[in-house]
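A short write-up of the structure that comes next.
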Amino acid sequence: MSFFSTPKAAWRLTRLAVALLGLSNAASAQTRVLFVGNSFTHGQFTPVLYYNSAAVTDLNYGLPATDPRAHDAGMPNAFGGVPGIFKKFTTQAGLNYDVQIEAVSGKSLQFHYTSALAAIAQPGWDKVVLQEQSTRPVPDARGGNRSAFYTAATQLEQAIHTASPAAQVYLYATWARADFTYPSGQSYSGFPIDTMTQDLHNGYYRQFFANSRYAGVAPVGDAWLNAITTNVAMRNPYTPDPSKVNLWAVDNVHPSITGSYLSALVLFYKLTGTDPRTLGGTEQAAAALGITPAQAVALQQVAYNQVNVVVPAPAGTAAAFTPGNVAVVRVGDGSATLTTAATAEFVDEYTLSGTRVQSIAMPTADNGNVRAFTNSGTATSDNLTRSADGRYLLLTGYNAVPGTAGIVTSTNSGTTNNRLVARIGADGSVDTNTRINDAFSGSNIRSAVSTDGSAFYVSGGNSGIRYVPFGNTGATTALSTGSVVNFRILGIAGGNLYASSAIGTNFGLNQIGTGLPTAAGAAVALLPGFAAASGPSAYGFYFADLSATVPGLDVVYIADDNATGGIQKWSLVNGIWTLNGTIGGSATALLRGLTGSRTGAVVQLVASGGGGLYAVADQAGYNAAPSTATLPAPFVALPANTSFRGVAFTPAATALASTAPVAAAEVSVFPNPAADQLLVQLGGPASPVRATLLNALGQVVAEQQSMGNQLTFNISGVANGVYLLRLQTAAGVSTRRVEVRR
């Protein structure tokens, strides 16, 4: 009987053919991988530089010399490098990989984002590997620039996922540089090679853990240290040990042949999941590069061991904010003049002494529940606030990719150019999926406030005050009534909702309804005493309770962006708000953002404007002119081609009640007045403490850090006068008025 003699037999043949075709298709399915980096990726020296280049696509090969991505002089051929070795591994393992390289000597990821985005952010990638410049991931104090690394890596990841949503993006964590460690006078002189390795590890893994859209970290630098500690590789190439391989090339910077081989092994295992030990002693790349079978097997074992290490999230990898610092929205990355087009923005964290702690890049592309979040480069009225319970930062923006023209005047309809509210947690997590499609069309969205992050009050240029639940996707509640529909900055104080304005017959502060309304019909009432005619230009504000005889909030400070403005101080006197005076600004300060904190009668104010961030203390108390009349120089100058929008104290993970300033009974500062030193005694368990002494202008005159619950603060070099001592611990922030007298 023929195999084909029955319908059942014919069906079997058909199924067999389909199965064989499926196996053939599976075998031929190709994985496209792109390696983005610099000379640590292309290898710098022959034979690695051009190894297996015929099997790798070099995206920069053949570019004219005027192109910034063109090969350096003396490197005329297409690169193979570490990707070439990787490609050889995949071929031997029976894997069909299309391997491409985009590597430019000495360049950072920021360069690749600026100059090679068209090549990188193209559709069709299955895997993309990002390698940063050798020192950027280390701490700034060691010559790094983690903020620039985090920003560029995030921008590239977002661009890649916009073009290739399913792509797996990996970070290629590189190795410690021997030339920075063993010679004298270098950033790691006197430290073991382990120190820079750990700093690089922390830098890469912090970025990985802060962004859940990365597929993983290829721990190449950790594998190098593993090879050193297991006696496979020498520790110090300046005193070579011929019994071990040298992972560094002749310059003690780049990878040697064995260093490149180990790097490729780690990447091979991480990206493909194939055990590198299966390559064995007869592995072809090792033979071609002059690596002995014994060395190849030893390095394969190192790669296997290291990739299998489970790396826990190190402290701080979630980009958690530090209590007592301030956050500011920065629009623009400084690379180009700002325009009315949608522009990338960032939330920067600073200490009050002006040190930038971190920079959180807002997303620039949609991805699932992540919404692109940008702002106009030239708008000035939007602001940053902190929720009333202290747990979140809130900011407003536009659901548009960078470069979208005239974003403020764009039509907001359906799913196009929605106005957004972003909520950032104390751990640095960002949510941009609260959308508004029925308000602020053709005009600015400006600020959002909230009691606890579950719903928002939102202001803008043409739609009054809106009430918006967290996660909203469309229509909102038109909360306010009346003829005034153009509001600037919102704030919650004393259980009421307030808004600043400067239009028509409404210049100053307004109360919106009574308490915290959630339904339509909230009346807008200009606070008694504020102008019904043009004059002041009110933006951010801060309320305080400074009088024991006036019930409730009795002083308010308001940022005025007039050239003759600054920070106005108003007191509630017999039911009427009275202007006590102004901490004068300037034509460059142009203040719009304002936040504050109070200890006794001393109010510490932090403002943002056209010149940067400013800090000033008012010690005058209720219904008195500010104790200082002139705004000091900024403690953070505004970077070129950027704009600061609003300012707020950083959020805390728990409700405000647990992050309030330490109670007076828990802090003792003595003697007071003091001559040469202050003894600070803190209640509670020992913890890190940072003490900052501020003068009447809010300028830092002395700062000291310690571990424990007792601190001796040296003030021998401080001039006589009255100061504010700010104490920052894990429990929160406390301030004390102190006097230096000799």
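Naming scheme: A, B, ... for chains in displayed order of the structure tokens; residues 1 onward per chain; ligands 1 onward as shown.
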Need to verify the contact set: Tyr51 (chain A), 6 Å, only C-alpha atoms, exclusion of same-chain residues closer than 3 positions in sequence. Can you return it as a PDB file with N, CA and C atoms, in the first residue's frame?
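That gives us part-v3.pdb:
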ATOM      1  N   PRO A  47      44.807  42.648  16.672  1.00  0.00           N
ATOM      2  CA  PRO A  47      43.903  42.120  15.636  1.00  0.00           C
ATOM      3  C   PRO A  47      42.410  42.228  15.979  1.00  0.00           C
ATOM      4  N   VAL A  48      42.073  42.656  17.214  1.00  0.00           N
ATOM      5  CA  VAL A  48      40.663  42.698  17.605  1.00  0.00           C
ATOM      6  C   VAL A  48      39.894  43.709  16.767  1.00  0.00           C
ATOM      7  N   GLY A  80      35.398  45.178  13.406  1.00  0.00           N
ATOM      8  CA  GLY A  80      34.832  43.911  13.892  1.00  0.00           C
ATOM      9  C   GLY A  80      34.718  43.987  15.393  1.00  0.00           C
ATOM     10  N   GLY A  81      35.899  44.081  16.054  1.00  0.00           N
ATOM     11  CA  GLY A  81      35.960  44.311  17.482  1.00  0.00           C
ATOM     12  C   GLY A  81      35.287  43.248  18.312  1.00  0.00           C
ATOM     13  N   GLY A  84      32.582  41.457  16.620  1.00  0.00           N
ATOM     14  CA  GLY A  84      33.056  40.430  15.693  1.00  0.00           C
ATOM     15  C   GLY A  84      33.311  39.112  16.392  1.00  0.00           C
TER      16      GLY A  84
END
Please identify every residue of region 396-488 of chain A that has at least one atom no farther than 12 Å from an atom of region 328-337 of chain A, counting only C-alpha atoms, and for each give the shortest atom pair and the distance in Å to one decimal, arranged by chain then increasing number, as a tab-separated table.
residue	atom	partner	partner_atom	distance
A:Thr396	CA	A:Val329	CA	10.3
A:Gly397	CA	A:Val331	CA	10.8
A:Pro402	CA	A:Gly332	CA	10.0
A:Gly403	CA	A:Gly332	CA	11.4
A:Ala422	CA	A:Val329	CA	11.7
A:Ile424	CA	A:Val329	CA	11.8
A:Ser447	CA	A:Val329	CA	11.9
Residue contacts of Arg386 (chain A) (9 Å, only C-alpha atoms) excluding same-chain residues fewer than 3 positions away, as a list in words: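 My list of contacting residues is Asp389, Gly390, Arg391, Tyr392, Leu393, Leu394, Leu395, Val449, Ser450, Val647, Ala648, Phe649, Thr650 and Pro651 of chain A.
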Skipping near chain neighbours, those fewer than 2 positions away, what residues fall within 8 Å of Trp224 (chain A) using only C-alpha atoms, listed as a PyMOL selection string? chain A and resi 175+220-222+226-228+233+247+259+262
Length of the CA of Asn433 (chain A) to CA of Asn472 (chain A) vector [Å]: 7.4 Å
Could you please write out, as JSON, numbers by chain, every residue of region 387-539 of chain A that DSSP assigns to strand (DSSP E or B)? {"A": [392, 393, 394, 395, 396, 397, 398, 413, 416, 419, 420, 421, 422, 423, 424, 425, 430, 431, 432, 433, 434, 435, 436, 445, 446, 447, 448, 449, 455, 456, 457, 458, 459, 460, 466, 467, 468, 469, 477, 478, 480, 490, 491, 492, 493, 496, 497, 498, 499, 500, 501, 502, 503, 506, 507, 508, 509, 510, 511, 512, 522, 524, 525, 526, 531, 538, 539]}
Find the spatial neighbours of Val738 (chain A), counting only C-alpha atoms, within a cut-off of 9 Å - ignore same-chain residues fewer than 3 positions away - and output them as number ranges by chain. A: 669-670, 672-674, 721-725
Residue subset to file, keeping N, CA and C atoms, as a compact mmCIF listing (two decimals), in the first residue's frame:
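Contents of result13.txt, freshly written:
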# COMPACT_ATOMS: atom_id res chain seq x y z
N VAL A 669 20.80 72.30 70.85
CA VAL A 669 21.95 73.01 70.29
C VAL A 669 22.47 73.96 71.37
N PHE A 670 23.71 73.78 71.77
CA PHE A 670 24.27 74.61 72.83
C PHE A 670 25.79 74.69 72.66
N ASN A 672 24.35 78.65 73.09
CA ASN A 672 23.70 79.55 72.15
C ASN A 672 23.32 80.84 72.88
N PRO A 673 24.08 81.94 72.71
CA PRO A 673 25.13 82.22 71.71
C PRO A 673 26.39 81.35 71.90
N ALA A 674 27.14 81.21 70.81
CA ALA A 674 28.36 80.42 70.83
C ALA A 674 29.49 81.22 70.21
N GLY A 721 27.00 87.20 64.39
CA GLY A 721 25.71 87.44 63.78
C GLY A 721 24.72 86.36 64.12
N VAL A 722 23.51 86.47 63.54
CA VAL A 722 22.44 85.51 63.76
C VAL A 722 22.32 84.63 62.51
N TYR A 723 22.22 83.32 62.72
CA TYR A 723 22.22 82.36 61.63
C TYR A 723 21.10 81.34 61.82
N LEU A 724 20.85 80.59 60.76
CA LEU A 724 19.91 79.49 60.79
C LEU A 724 20.70 78.19 60.63
N LEU A 725 20.58 77.28 61.60
CA LEU A 725 21.26 75.99 61.54
C LEU A 725 20.26 74.95 61.06
Identify, on the basis of only C-alpha atoms, every residue whose closest approach to Thr518 (chain A) does not exceed 9 Å; exclude the query and any residue fewer than 3 positions from it along the same chain; express the result as an NGL selection string. :A and (457 or 467 or 477 or 479 or 522)
Residues near region 550-565 of chain A, anyone? I mean within 6 Å using only C-alpha atoms, not counting same-chain ones fewer than 4 positions away, as a PyMOL selection string. chain A and resi 537-545+569-572+584-587+590-592
Of A:Val309, A:Ala719, A:Ala548, A:Ala405, the one sitting nearest Ala675 (chain A) when using only C-alpha atoms is A:Ala719
Which residue is closest to Ala327 (chain A)? Choose from A:Gly216, A:Gly43, A:Gly717, A:Gly593 and count only C-alpha atoms.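 Among the listed residues, the smallest separation from Ala327 (chain A) belongs to A:Gly593.
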Write out as an NGL selection string the set of residues from region 110-257 of chain A that DSSP, computed on the backbone, places in helix (DSSP H, G or I). :A and (110-115 or 117-120 or 140-142 or 146-163 or 178-180 or 193-210 or 220-229 or 257)
Given the selection you just returned, output its residues as a file containing C-alpha atoms, formatted as a tab-separated table (two decimals), in the first residue's frame.
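Output (selection-v7.tsv):
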chain	number	residue	atom	x	y	z
A	110	GLN	CA	25.28	61.60	24.79
A	111	PHE	CA	27.23	61.88	21.53
A	112	HIS	CA	25.42	58.87	20.08
A	113	TYR	CA	22.04	60.37	21.02
A	114	THR	CA	22.98	63.66	19.36
A	115	SER	CA	24.85	62.41	16.31
A	117	LEU	CA	20.11	58.67	16.62
A	118	ALA	CA	18.88	57.96	13.09
A	119	ALA	CA	21.07	54.86	12.91
A	120	ILE	CA	20.24	53.68	16.43
A	140	ASP	CA	31.47	62.95	39.95
A	141	ALA	CA	34.15	63.33	42.63
A	142	ARG	CA	36.20	60.71	40.75
A	146	ARG	CA	26.54	60.07	36.22
A	147	SER	CA	23.80	62.58	35.51
A	148	ALA	CA	24.86	62.87	31.87
A	149	PHE	CA	25.14	59.07	31.64
A	150	TYR	CA	21.69	58.48	33.12
A	151	THR	CA	20.11	61.13	30.92
A	152	ALA	CA	21.64	59.91	27.66
A	153	ALA	CA	21.07	56.22	28.42
A	154	THR	CA	17.42	56.92	29.19
A	155	GLN	CA	16.99	59.02	26.07
A	156	LEU	CA	18.49	56.28	23.89
A	157	GLU	CA	16.41	53.57	25.57
A	158	GLN	CA	13.24	55.56	24.97
A	159	ALA	CA	14.13	56.29	21.35
A	160	ILE	CA	14.99	52.64	20.69
A	161	HIS	CA	11.71	51.43	22.17
A	162	THR	CA	9.77	53.99	20.19
A	163	ALA	CA	11.16	52.55	16.96
A	178	ALA	CA	44.67	50.52	35.22
A	179	ASP	CA	46.05	53.91	34.14
A	180	PHE	CA	43.70	55.63	36.61
A	193	ILE	CA	41.50	48.07	41.14
A	194	ASP	CA	38.40	46.80	42.98
A	195	THR	CA	37.41	50.37	43.92
A	196	MET	CA	36.88	51.72	40.42
A	197	THR	CA	35.27	48.41	39.44
A	198	GLN	CA	32.74	48.81	42.24
A	199	ASP	CA	32.07	52.43	41.30
A	200	LEU	CA	31.39	51.41	37.70
A	201	HIS	CA	29.22	48.53	38.89
A	202	ASN	CA	27.16	50.89	41.06
A	203	GLY	CA	26.80	53.43	38.26
A	204	TYR	CA	25.53	50.93	35.71
A	205	TYR	CA	23.29	48.99	38.06
A	206	ARG	CA	21.77	52.15	39.49
A	207	GLN	CA	20.66	53.09	35.98
A	208	PHE	CA	19.40	49.55	35.37
A	209	PHE	CA	17.34	49.33	38.55
A	210	ALA	CA	15.95	52.84	38.06
A	220	VAL	CA	31.98	42.83	31.80
A	221	GLY	CA	33.89	44.90	34.37
A	222	ASP	CA	32.81	42.58	37.18
A	223	ALA	CA	33.98	39.61	35.11
A	224	TRP	CA	37.40	41.24	34.71
A	225	LEU	CA	37.68	41.54	38.49
A	226	ASN	CA	36.49	37.94	38.83
A	227	ALA	CA	39.29	36.86	36.50
A	228	ILE	CA	41.77	38.80	38.64
A	229	THR	CA	40.59	37.44	41.99
A	257	ILE	CA	43.04	40.31	23.06
Would you mind reading off the distance between CA of Ser212 (chain A) and CA of Ser429 (chain A), one decimal, in Å?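 Between these atoms lies a distance of 10.2 Å.
Atom pair CA of Ile407 (chain A) / CA of Gly442 (chain A): separated by 8.3 Å.
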Best match for closeness to Arg69 (chain A) among A:Leu605, A:Val104, A:Leu271, A:Ala388, counting only C-alpha atoms: A:Val104
Taking only C-alpha atoms into account, name the residue in A:Asp382, A:Asp431, A:Glu349, A:Asp676 that is nearest to Met362 (chain A).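 For Met362 (chain A), the nearest of the candidates is A:Asp431.
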